[in-house]
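Asks: Data: entry22.cif, mmCIF, C-alpha atoms.
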```
data_data
loop_
_atom_site.label_atom_id
_atom_site.label_comp_id
_atom_site.auth_asym_id
_atom_site.auth_seq_id
_atom_site.Cartn_x
_atom_site.Cartn_y
_atom_site.Cartn_z
CA MET A 242 6.95 90.39 14.82
CA LEU A 243 8.29 87.08 13.58
CA ASP A 244 6.09 84.03 13.52
CA PRO A 245 6.91 81.56 16.31
CA ARG A 246 7.59 78.90 13.73
CA THR A 247 10.18 81.11 12.07
CA LYS A 248 11.81 81.74 15.42
CA MET A 249 12.07 78.01 16.06
CA LEU A 250 13.56 77.48 12.64
CA LEU A 251 16.11 80.21 13.35
CA VAL A 252 17.08 78.58 16.65
CA VAL A 253 17.64 75.22 15.01
CA THR A 254 19.53 76.68 12.07
CA SER A 255 21.83 78.94 14.01
CA ALA A 256 22.59 76.24 16.55
CA SER A 257 23.32 73.52 14.03
CA VAL A 258 25.18 75.63 11.49
CA LEU A 259 27.31 77.56 13.96
CA ILE A 260 28.20 74.54 16.05
CA GLY A 261 28.36 71.94 13.31
CA GLY A 262 29.77 73.98 10.45
CA GLY A 263 33.46 74.28 9.69
CA SER A 264 35.17 77.43 8.55
CA GLY A 265 36.21 78.84 5.22
CA GLY A 266 34.33 79.11 1.98
CA ALA A 267 30.72 80.16 2.15
CA MET A 268 30.78 79.76 5.94
CA ASN A 269 32.83 82.95 6.18
CA VAL A 270 29.75 84.86 5.14
CA ILE A 271 27.04 82.72 6.63
CA LYS A 272 28.39 82.50 10.14
CA PRO A 273 28.65 86.26 10.72
CA VAL A 274 25.18 86.71 9.25
CA LEU A 275 23.69 84.11 11.58
CA THR A 276 25.55 85.66 14.47
CA ALA A 277 24.12 89.05 13.64
CA VAL A 278 20.54 87.82 13.42
CA PRO A 279 19.88 87.58 17.20
CA LEU A 280 21.41 91.03 17.73
CA LEU A 281 19.17 92.51 15.08
CA LEU A 282 16.14 90.84 16.59
CA PHE A 283 17.01 92.04 20.08
CA LEU A 284 17.36 95.59 18.78
CA CYS A 285 14.12 95.45 16.81
CA SER A 286 12.13 94.29 19.80
CA GLY A 287 13.67 96.86 22.12
CA LYS A 288 15.58 94.39 24.29
CA TRP A 289 18.49 96.77 24.80
CA LYS A 290 19.97 94.98 27.77
CA ALA A 291 20.01 91.62 26.03
CA ALA A 292 21.56 93.20 22.95
CA VAL A 293 24.36 94.79 24.98
CA ILE A 294 25.10 91.60 26.91
CA TYR A 295 25.11 89.54 23.77
CA THR A 296 27.43 91.90 21.93
CA THR A 297 29.85 92.21 24.84
CA VAL A 298 30.14 88.50 25.55
CA TYR A 299 30.45 87.63 21.91
CA THR A 300 33.08 90.29 21.27
CA PHE A 301 35.15 89.11 24.22
CA ALA A 302 34.92 85.48 23.17
CA PHE A 303 35.75 86.29 19.58
CA ALA A 304 38.66 88.54 20.54
CA GLY A 305 39.93 85.84 22.87
CA GLU A 306 39.80 83.30 20.10
CA ILE A 307 41.73 85.52 17.74
CA PHE A 308 44.32 87.06 20.04
CA LEU A 309 44.79 84.70 22.98
CA VAL A 310 44.70 81.29 21.33
CA PRO A 311 47.84 81.71 19.15
CA VAL A 312 49.98 83.06 22.00
CA THR A 313 49.17 80.51 24.68
CA THR A 314 50.16 76.86 24.88
CA GLY A 315 49.43 73.75 26.90
CA PHE A 316 46.88 73.87 29.63
CA VAL A 317 46.15 77.60 29.45
CA ASN A 318 45.57 77.22 25.74
CA PHE A 319 43.04 74.54 26.53
CA ILE A 320 41.07 76.65 28.90
CA VAL A 321 41.11 79.60 26.52
CA ILE A 322 39.91 77.46 23.63
CA ALA A 323 37.30 75.81 25.76
CA CYS A 324 35.92 79.10 27.03
CA CYS A 325 36.24 81.35 24.01
CA GLY A 326 35.69 78.83 21.26
CA MET A 327 32.65 77.31 22.90
CA PHE A 328 31.19 80.66 23.81
CA ALA A 329 31.65 82.06 20.34
CA ARG A 330 29.89 79.04 18.91
CA PHE A 331 27.13 78.57 21.40
CA MET A 332 26.25 82.19 22.14
CA PRO A 333 24.21 82.90 18.99
CA GLY A 334 22.18 79.74 19.47
CA ILE A 335 21.57 80.51 23.12
CA ALA A 336 20.68 84.11 22.31
CA MET A 337 18.21 82.95 19.67
CA GLY A 338 16.73 80.51 22.15
CA SER A 339 16.28 83.18 24.78
CA TYR A 340 14.74 85.47 22.17
CA LEU A 341 12.28 82.73 21.31
CA VAL A 342 11.38 82.16 24.94
CA ASN A 343 11.18 85.81 25.91
CA THR A 344 9.21 87.18 22.99
CA THR A 345 6.70 84.42 22.43
CA THR A 346 3.73 84.07 24.71
CA VAL A 347 2.52 80.63 25.56
CA SER A 348 -0.68 81.10 23.58
CA GLU A 349 1.24 82.14 20.50
CA PHE A 350 3.35 79.07 20.95
CA MET A 351 0.27 76.88 21.25
CA ALA A 352 -1.25 78.48 18.17
CA ALA A 353 1.91 77.82 16.19
CA MET A 354 1.98 74.20 17.24
CA GLU A 355 -1.66 73.75 16.37
CA ARG A 356 -0.94 75.08 12.91
CA MET A 357 1.89 72.62 12.59
CA LYS A 358 -0.66 69.89 13.35
CA LEU A 359 1.35 68.60 16.28
CA PRO A 360 -0.71 66.17 18.38
CA GLN A 361 -1.88 67.49 21.75
CA LYS A 362 0.16 64.83 23.50
CA LEU A 363 3.27 66.66 22.41
CA SER A 364 2.04 70.22 22.23
CA ILE A 365 0.78 70.41 25.83
CA PRO A 366 3.97 69.14 27.50
CA LEU A 367 6.08 71.26 25.14
CA SER A 368 4.25 74.46 25.96
CA VAL A 369 4.27 73.68 29.68
CA MET A 370 7.98 73.13 29.46
CA PHE A 371 8.37 76.33 27.54
CA ARG A 372 6.47 78.20 30.23
CA PHE A 373 8.36 76.42 32.98
CA PHE A 374 11.98 76.89 31.94
CA PRO A 375 12.27 80.44 33.27
CA THR A 376 10.52 79.44 36.50
CA VAL A 377 12.84 76.54 37.20
CA THR A 378 15.90 78.64 36.41
CA GLN A 379 14.68 81.36 38.74
CA GLU A 380 13.97 78.92 41.55
CA TYR A 381 17.34 77.29 41.02
CA GLY A 382 19.09 80.63 41.34
CA ALA A 383 17.12 81.64 44.42
CA ILE A 384 17.80 78.33 46.15
CA GLY A 385 21.46 78.63 45.24
CA ASP A 386 21.56 82.07 46.91
CA ALA A 387 19.82 80.82 50.01
CA MET A 388 22.18 77.89 50.33
CA ARG A 389 25.26 80.06 49.83
CA MET A 390 24.03 82.24 52.67
CA ARG A 391 24.05 79.22 54.92
CA GLY A 392 27.50 78.21 53.78
CA ILE A 393 26.53 75.34 51.53
CA ARG A 394 28.74 75.79 48.50
CA PHE A 395 31.88 74.44 46.89
CA GLY A 396 34.56 74.56 49.54
CA GLY A 397 31.95 75.27 52.16
CA GLY A 398 32.66 72.12 54.10
CA LYS A 399 29.91 69.90 52.77
CA PRO A 400 30.26 69.63 49.01
CA ALA A 401 28.75 66.14 49.00
CA LYS A 402 25.62 67.41 50.64
CA MET A 403 25.27 70.16 48.06
CA LEU A 404 23.36 68.01 45.64
CA GLU A 405 20.76 67.06 48.21
CA TYR A 406 20.43 70.52 49.69
CA ARG A 407 19.86 72.05 46.30
CA MET A 408 17.86 69.42 44.51
CA VAL A 409 15.34 68.69 47.21
CA PRO A 410 14.08 72.27 47.72
CA LEU A 411 14.09 72.77 43.97
CA MET A 412 11.94 69.74 43.38
CA VAL A 413 9.54 70.57 46.18
CA SER A 414 8.96 74.12 45.01
CA CYS A 415 8.71 73.12 41.36
CA VAL A 416 6.16 70.42 42.10
CA LYS A 417 4.10 72.91 44.10
CA ILE A 418 4.22 75.51 41.35
CA GLY A 419 3.44 72.83 38.82
CA GLU A 420 0.34 71.73 40.65
CA GLU A 421 -0.98 75.27 40.72
CA LEU A 422 -0.11 75.72 37.08
CA SER A 423 -1.96 72.61 36.03
CA ALA A 424 -5.01 73.56 38.08
CA ALA A 425 -5.03 76.96 36.37
CA ALA A 426 -4.60 75.46 32.92
CA LEU A 427 -7.36 72.91 33.46
CA THR A 428 -9.74 75.62 34.58
CA ARG A 429 -9.10 77.37 31.31
CA GLY A 430 -10.06 74.27 29.42
CA LEU A 431 -6.71 72.85 28.44
CA GLY A 432 -7.14 69.26 27.39
CA ALA A 433 -10.87 69.60 26.87
CA PRO A 434 -12.10 67.16 24.23
CA ILE A 435 -13.17 69.93 21.84
CA GLY A 436 -10.93 72.08 19.65
CA ARG A 437 -9.62 75.22 21.32
CA THR A 438 -9.81 78.63 19.76
CA ASN A 439 -6.91 81.00 19.97
CA ILE A 440 -6.90 84.77 20.01
CA CYS A 441 -3.37 85.15 18.70
CA LYS A 442 -2.93 86.02 15.08
CA ILE A 443 0.09 84.29 13.72
CA GLY A 444 1.14 84.01 10.14
CA PHE A 445 4.05 84.44 7.81
CA LYS A 446 4.98 87.91 6.66
CA GLY A 447 7.81 89.58 4.80
CA TYR A 448 10.26 89.33 7.69
CA ASP A 449 9.57 85.65 7.96
CA ALA A 450 10.37 85.13 4.33
CA ALA A 451 13.70 86.93 4.79
CA ALA A 452 14.55 84.90 7.87
CA MET A 453 13.63 81.67 6.13
CA LEU A 454 15.78 82.56 3.17
CA ILE A 455 18.75 82.99 5.51
CA CYS A 456 17.98 79.64 7.12
CA ALA A 457 17.61 77.84 3.81
CA VAL A 458 20.87 79.23 2.45
CA SER A 459 22.81 78.35 5.59
CA VAL A 460 21.44 74.83 5.79
CA ILE A 461 22.23 74.20 2.14
CA ALA A 462 25.75 75.51 2.66
CA LEU A 463 26.16 73.26 5.69
CA LEU A 464 24.97 70.22 3.74
CA LEU A 465 27.22 71.02 0.80
CA GLU A 466 30.14 71.33 3.15
CA LYS A 467 29.39 67.97 4.74
CA VAL A 468 29.07 66.23 1.38
CA THR A 469 32.25 67.53 -0.16
CA MET B 78 -6.50 52.16 36.70
CA LYS B 79 -7.55 54.47 33.91
CA GLN B 80 -5.44 54.11 30.81
CA LYS B 81 -6.24 57.29 28.98
CA ILE B 82 -3.68 60.05 29.15
CA GLN B 83 -5.22 63.24 30.47
CA ALA B 84 -4.19 66.87 30.32
CA LYS B 85 -2.95 66.73 33.90
CA ASP B 86 -0.53 63.95 33.03
CA LEU B 87 0.72 65.88 30.04
CA ILE B 88 1.32 68.94 32.19
CA ASN B 89 3.26 66.81 34.64
CA VAL B 90 5.43 65.51 31.83
CA GLY B 91 6.19 69.06 30.76
CA ILE B 92 7.08 70.16 34.27
CA PHE B 93 9.40 67.27 35.00
CA THR B 94 11.09 67.47 31.64
CA ALA B 95 11.81 71.13 32.33
CA ILE B 96 13.27 70.29 35.74
CA MET B 97 15.38 67.51 34.24
CA PHE B 98 16.68 69.90 31.67
CA VAL B 99 17.64 72.77 33.91
CA VAL B 100 19.37 70.40 36.29
CA THR B 101 21.26 68.49 33.64
CA MET B 102 22.21 71.70 31.83
CA ALA B 103 23.79 72.98 35.03
CA VAL B 104 25.90 69.83 35.03
CA ALA B 105 26.52 69.78 31.31
CA MET B 106 28.32 73.11 31.54
CA LEU B 107 31.26 71.01 32.72
CA GLY B 108 31.44 69.80 29.14
CA TYR B 109 33.25 73.00 28.29
CA ILE B 110 36.33 71.31 29.68
CA PRO B 111 37.29 68.59 27.23
CA ILE B 112 38.16 65.83 29.67
CA PHE B 113 34.74 66.11 31.22
CA ILE B 114 32.87 65.34 28.01
CA PRO B 115 32.98 61.54 28.45
CA LEU B 116 32.16 62.05 32.12
CA LEU B 117 28.85 63.59 31.15
CA SER B 118 27.54 60.15 30.32
CA VAL B 119 27.99 59.43 34.02
CA LEU B 120 26.95 62.72 35.60
CA VAL B 121 23.81 63.45 33.61
CA PRO B 122 22.11 60.12 34.43
CA VAL B 123 23.08 60.31 38.10
CA ILE B 124 21.66 63.79 38.60
CA GLY B 125 18.67 63.15 36.38
CA GLY B 126 17.72 60.19 38.55
CA ILE B 127 16.38 62.44 41.28
CA PRO B 128 13.69 64.20 39.23
CA PHE B 129 12.97 61.05 37.29
CA MET B 130 12.18 58.98 40.36
CA LEU B 131 9.84 61.68 41.61
CA PHE B 132 8.29 61.81 38.15
CA LEU B 133 7.65 58.07 38.26
CA THR B 134 5.57 58.40 41.39
CA LYS B 135 3.15 60.46 39.30
CA VAL B 136 3.21 58.18 36.29
CA LYS B 137 0.78 55.33 36.19
CA LYS B 138 0.06 55.16 32.49
CA PHE B 139 1.84 53.88 29.46
CA GLY B 140 3.25 56.51 27.12
CA LEU B 141 4.25 59.32 29.46
CA VAL B 142 7.87 58.24 29.76
CA THR B 143 7.99 57.93 26.00
CA ILE B 144 6.64 61.44 25.59
CA MET B 145 9.28 62.71 27.97
CA ALA B 146 11.98 61.02 25.92
CA VAL B 147 10.62 62.52 22.70
CA LEU B 148 10.63 65.96 24.31
CA ILE B 149 14.24 65.53 25.42
CA GLY B 150 15.13 64.59 21.87
CA ILE B 151 13.38 67.62 20.42
CA VAL B 152 14.88 70.11 22.84
CA ILE B 153 18.40 68.72 22.51
CA ALA B 154 18.08 69.04 18.74
CA LEU B 155 16.67 72.55 19.11
CA MET B 156 19.73 73.53 21.09
CA GLY B 157 21.97 72.16 18.39
CA MET B 158 23.59 69.47 20.45
CA GLY B 159 23.14 66.82 17.83
CA VAL B 160 20.33 65.29 15.85
CA TRP B 161 21.05 61.73 16.92
CA VAL B 162 19.29 62.18 20.23
CA ILE B 163 16.01 62.50 18.34
CA PHE B 164 16.40 58.81 17.52
CA THR B 165 18.10 57.46 20.62
CA ALA B 166 15.90 59.18 23.19
CA PRO B 167 12.54 57.84 21.94
CA LEU B 168 14.06 54.39 21.41
CA PHE B 169 15.28 54.05 24.98
CA GLY B 170 12.21 55.90 26.21
CA VAL B 171 9.88 53.28 24.75
CA LEU B 172 12.04 50.47 26.11
CA ALA B 173 12.00 52.03 29.57
CA ASP B 174 8.27 52.55 29.31
CA LEU B 175 7.74 48.87 28.47
CA ILE B 176 9.87 47.79 31.42
CA LEU B 177 7.96 50.07 33.77
CA LYS B 178 4.68 48.81 32.38
CA SER B 179 5.69 45.22 33.08
CA GLY B 180 6.10 46.26 36.70
CA SER B 181 2.75 48.06 36.43
CA TYR B 182 4.54 51.32 37.34
CA SER B 183 4.85 50.39 40.99
CA SER B 184 7.70 47.91 41.16
CA VAL B 185 10.77 49.55 42.66
CA LYS B 186 13.20 47.19 40.99
CA LYS B 187 11.65 47.68 37.59
CA SER B 188 11.67 51.44 37.97
CA ILE B 189 15.36 51.48 38.83
CA PHE B 190 16.12 49.19 35.90
CA GLY B 191 13.86 51.27 33.69
CA TYR B 192 15.72 54.44 34.50
CA GLY B 193 18.98 52.68 33.69
CA ILE B 194 17.63 51.97 30.22
CA PHE B 195 16.18 55.45 29.91
CA SER B 196 19.57 57.03 30.69
CA MET B 197 21.12 55.44 27.66
CA TRP B 198 19.65 58.24 25.53
CA VAL B 199 22.80 60.17 26.43
CA ILE B 200 24.67 58.04 23.93
CA GLY B 201 23.07 60.01 21.12
CA ASN B 202 25.39 62.88 21.97
CA PHE B 203 28.45 60.71 21.39
CA ILE B 204 27.40 59.05 18.14
CA PRO B 205 28.81 61.80 15.89
CA ILE B 206 32.17 61.47 17.58
CA VAL B 207 32.35 57.85 16.52
CA ILE B 208 30.34 57.39 13.35
CA THR B 209 31.28 60.52 11.46
CA ARG B 210 34.63 60.63 13.14
CA GLY B 211 36.72 62.07 10.30
CA ASN B 212 34.20 64.80 9.72
CA TYR B 213 33.99 65.68 13.38
CA TYR B 214 37.77 65.71 13.68
CA ASP B 215 38.11 68.14 10.79
CA MET B 216 35.46 70.34 12.33
CA LEU B 217 37.27 70.39 15.63
CA ILE B 218 40.59 71.26 14.00
CA SER B 219 39.11 74.08 11.98
CA GLY B 220 37.17 75.38 14.93
CA TYR B 221 39.31 74.79 17.98
CA GLY B 222 42.80 73.95 16.72
CA GLN B 223 44.88 70.81 16.41
CA GLU B 224 45.80 70.42 20.07
CA TYR B 225 42.23 70.51 21.36
CA ALA B 226 41.03 68.13 18.67
CA ASP B 227 43.78 65.60 19.41
CA THR B 228 43.11 65.67 23.12
CA LEU B 229 39.38 65.22 22.76
CA MET B 230 39.86 62.40 20.29
CA GLY B 231 42.40 60.81 22.60
CA TYR B 232 39.84 60.72 25.39
CA ILE B 233 37.15 59.28 23.19
CA PRO B 234 38.63 56.52 21.00
CA ASP B 235 36.24 55.08 18.46
CA TRP B 236 35.62 51.87 20.40
CA SER B 237 34.33 53.89 23.31
CA LEU B 238 30.66 53.86 22.36
CA LEU B 239 29.99 50.58 24.16
CA PRO B 240 31.76 51.49 27.41
CA LEU B 241 29.95 54.83 27.34
CA LEU B 242 26.65 53.05 26.83
CA ALA B 243 27.43 50.73 29.74
CA ALA B 244 28.56 53.68 31.83
CA SER B 245 25.35 55.56 31.20
CA PHE B 246 23.33 52.46 32.08
CA ILE B 247 25.20 51.85 35.32
CA SER B 248 25.14 55.47 36.37
CA GLY B 249 21.46 55.47 35.51
CA LEU B 250 21.02 52.71 38.06
CA LEU B 251 23.05 54.68 40.59
CA GLY B 252 21.04 57.80 39.87
CA ALA B 253 17.83 55.86 40.35
CA LEU B 254 19.05 54.54 43.70
CA LEU B 255 20.03 58.05 44.75
CA GLY B 256 16.64 59.28 43.62
CA ARG B 257 14.89 56.52 45.57
CA SER B 258 16.75 57.30 48.77
CA LEU B 259 15.98 61.02 48.49
CA LEU B 260 12.40 60.15 47.69
CA LYS B 261 12.11 58.13 50.86
CA LYS B 262 13.97 60.64 52.96
CA HIS B 263 12.20 63.81 51.85
CA PHE B 264 9.43 63.66 49.33
CA ILE B 265 7.24 60.97 50.79
CA ARG B 266 7.49 62.56 54.21
CA ALA B 267 6.63 65.94 52.75
CA GLY B 268 3.65 64.38 51.06
CA ILE B 269 4.45 65.30 47.48
CA ALA B 270 5.37 61.88 46.17
#
```
How would this structure read if it were set down as structure tokens?
Replies:
Amino acid sequence: MLDPRTKMLLVVTSASVLIGGGSGGAMNVIKPVLTAVPLLLFLCSGKWKAAVIYTTVYTFAFAGEIFLVPVTTGFVNFIVIACCGMFARFMPGIAMGSYLVNTTTVSEFMAAMERMKLPQKLSIPLSVMFRFFPTVTQEYGAIGDAMRMRGIRFGGGKPAKMLEYRMVPLMVSCVKIGEELSAAALTRGLGAPIGRTNICKIGFKGYDAAAMLICAVSVIALLLEKVT
Amino acid sequence: MKQKIQAKDLINVGIFTAIMFVVTMAVAMLGYIPIFIPLLSVLVPVIGGIPFMLFLTKVKKFGLVTIMAVLIGIVIALMGMGVWVIFTAPLFGVLADLILKSGSYSSVKKSIFGYGIFSMWVIGNFIPIVITRGNYYDMLISGYGQEYADTLMGYIPDWSLLPLLAASFISGLLGALLGRSLLKKHFIRAGIA
């Protein structure tokens, strides 16, 4: 329901404000709001599973940061901070990113980039990448499983070989998939010298205005905080 | 040799950038542990060398490496890992592209050297730690606590930008060599390079 451009703006804002922003002052309001945005979006688009995972992980990380950090010291404290603190900060950005990837089709993405007047030299690789991220991740996981089954893992005797045994199959399968993908895209006229039409209707609506307002306020708060 | 960049080349750029990203992200997760953060400037170039060398076998035109660098900059910024990469990645990307061009995209030595230069984009991630040091330090204290902030700062003193730059260059060379050897061992034989 949101415009792809708004989604991208939300990703950038939540990542930069939550990771780069300090605490206290206006941030006490802005951070929870930004954290809640992905959850709301997940719920609105019926991604129940994602919503539950997001809430659980975030709650654990947040609880860890509040309860575990003050009572631990030294090395344990380090690990707790590293895990909980990082998770609490990065989760909303990652969740927003996955929302962007999962709810935007490639043609919508292309349409949005055309509207932004991005040159084709950037928009084609970007949308291919966008389409390809889930594929590579999937392949990577599948190859990892296969290799574990054959005993190639940390502590499996040949840790040095792990890199080769994982990277080479990954590259081979990705290159193969990529070749098919580019053949398919070329058949559909990608890169043809004339302008392409697009069936997707994108445009800014009321929700977008609300989301942009949140983004604008948070970015201004972040800038004010940096200046003072 | 045709000079015009075609859709097929652009698709290739997208594919290899995605591979580079997934692979380096898997490594970058180590950055959750503070002492590994400086190490990333070594690990990311080494691992990235493998896809990059394979990518180079498909690149015969000027501009593709630059586009890849710009994409890396955009995605890193999108993920909130720092805006500096938007400047450093294209800069080193163009430099690498020029070096590769001077070897007309087939010289092995130039491609290894070129990847060394290309790898220096990683430095963009460390710039905030040095240039806006006070700011970053305050942020770390407020976010992660005094102890964590002190340790991280202790590992990355403010003169460390140059050694890190050198480290990323050298490990870029190593990564390129690793990539070359894998290329010879597997990809050429399998007929995909």
Asks: What are the closest atom pairs, with distances in Å to one decimal, for all residues of chain A lying within 6 Å of chain B? Consider only C-alpha atoms, order rows by chain and residue number, and present the result as a Markdown table.
Replies:
```
| residue | atom | partner | partner_atom | distance |
| --- | --- | --- | --- | --- |
| A:Val253 | CA | B:Leu155 | CA | 5.0 |
| A:Ala256 | CA | B:Gly157 | CA | 4.5 |
| A:Ser257 | CA | B:Gly157 | CA | 4.8 |
| A:Gly263 | CA | B:Met216 | CA | 5.1 |
| A:Ala323 | CA | B:Tyr109 | CA | 5.5 |
| A:Pro366 | CA | B:Gly91 | CA | 3.9 |
| A:Val369 | CA | B:Gly91 | CA | 5.1 |
| A:Met370 | CA | B:Gly91 | CA | 4.6 |
| A:Phe374 | CA | B:Ala95 | CA | 5.8 |
| A:Gly432 | CA | B:Ala84 | CA | 4.8 |
```
Asks: Between A:Ser414, A:Thr247, A:Thr376, A:Asn269, single out the one closest to A:Ser459, counting only C-alpha atoms.
Replies: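 That would be A:Asn269, the residue with the smallest distance to A:Ser459.
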Asks: Mind checking which residues fall within 12 Å of stretch 339-348 of chain A, counting all atoms listed in the file, ignoring those fewer than 3 positions away in the same chain, and posting them as a ChimeraX atom specification?
Replies: /A:242-253,278-288,291-292,295,332-336,351-355,364-376,426,431,437-443 /B:155-156
Asks: Pick out the residues sitting within 8 Å of B:Trp161, and hand them over as JSON, numbers by chain; count only C-alpha atoms, and ignore anything fewer than 5 positions along from it in its own chain.
Replies: {"B": [201, 202, 204, 205]}
Asks: Expand the PyMOL selection byres ((chain A and resi 460) around 12) into the individual residues it matches in the shown file, reporting them as number ranges by chain.
Replies: A: 250-251, 253-259, 261-262, 267-268, 271-272, 275, 453-459, 461-467
Asks: Can you report as JSON the centre and edge lengths in Å, to one decimal, of an axis-aligned box around the listed atoms of stretch 191-200 of chain B padded with 3 Å on each side?
Replies:
```
{"center_x": 19.3, "center_y": 55.7, "center_z": 29.2, "size_x": 16.8, "size_y": 14.9, "size_z": 16.6}
```
Asks: Name the residues captured by the PyMOL selection byres ((chain B and resi 183-200) around 7) when it is applied to the shown file; answer as a PDB file with C-alpha atoms, keeping the file's coordinate frame.
Replies:
```pdb
ATOM      1  CA  SER B 118      27.540  60.150  30.320  1.00  0.00           C
ATOM      2  CA  PRO B 122      22.110  60.120  34.430  1.00  0.00           C
ATOM      3  CA  VAL B 162      19.290  62.180  20.230  1.00  0.00           C
ATOM      4  CA  THR B 165      18.100  57.460  20.620  1.00  0.00           C
ATOM      5  CA  ALA B 166      15.900  59.180  23.190  1.00  0.00           C
ATOM      6  CA  PHE B 169      15.280  54.050  24.980  1.00  0.00           C
ATOM      7  CA  GLY B 170      12.210  55.900  26.210  1.00  0.00           C
ATOM      8  CA  ALA B 173      12.000  52.030  29.570  1.00  0.00           C
ATOM      9  CA  ILE B 176       9.870  47.790  31.420  1.00  0.00           C
ATOM     10  CA  LEU B 177       7.960  50.070  33.770  1.00  0.00           C
ATOM     11  CA  GLY B 180       6.100  46.260  36.700  1.00  0.00           C
ATOM     12  CA  SER B 181       2.750  48.060  36.430  1.00  0.00           C
ATOM     13  CA  TYR B 182       4.540  51.320  37.340  1.00  0.00           C
ATOM     14  CA  GLY B 201      23.070  60.010  21.120  1.00  0.00           C
ATOM     15  CA  ASN B 202      25.390  62.880  21.970  1.00  0.00           C
ATOM     16  CA  PHE B 203      28.450  60.710  21.390  1.00  0.00           C
ATOM     17  CA  ILE B 204      27.400  59.050  18.140  1.00  0.00           C
ATOM     18  CA  LEU B 242      26.650  53.050  26.830  1.00  0.00           C
ATOM     19  CA  SER B 245      25.350  55.560  31.200  1.00  0.00           C
ATOM     20  CA  PHE B 246      23.330  52.460  32.080  1.00  0.00           C
ATOM     21  CA  ILE B 247      25.200  51.850  35.320  1.00  0.00           C
ATOM     22  CA  GLY B 249      21.460  55.470  35.510  1.00  0.00           C
ATOM     23  CA  LEU B 250      21.020  52.710  38.060  1.00  0.00           C
ATOM     24  CA  ALA B 253      17.830  55.860  40.350  1.00  0.00           C
ATOM     25  CA  LEU B 254      19.050  54.540  43.700  1.00  0.00           C
TER      26      LEU B 254
END
```
Asks: Report, in Å to a single decimal, how far apart atom CA of B:Pro240 and atom CA of B:Pro115 are.
Replies: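 Computing the Euclidean distance for atom CA of B:Pro115 and atom CA of B:Pro240 yields 10.2 Å.
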Asks: Would you mind reading off the distance between atom CA of B:Leu133 and atom CA of A:Glu421, one decimal, in Å?
Replies: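 Interatomic distance here is 19.4 Å.
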Asks: Can you measure atom CA of A:Ile260 to atom CA of B:Leu117 for me? One decimal in Å is fine.
Replies: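 Straight-line distance from atom CA of A:Ile260 to atom CA of B:Leu117 works out to 18.7 Å.
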Asks: Could you spell out the hits of the PyMOL selection byres ((chain A and resi 305-309) around 9) on the shown file, as a VMD selection string?
Replies: (chain A and resid 300 to 304 310 to 313 318 321 to 322 324 to 326 329) or (chain B and resid 221)
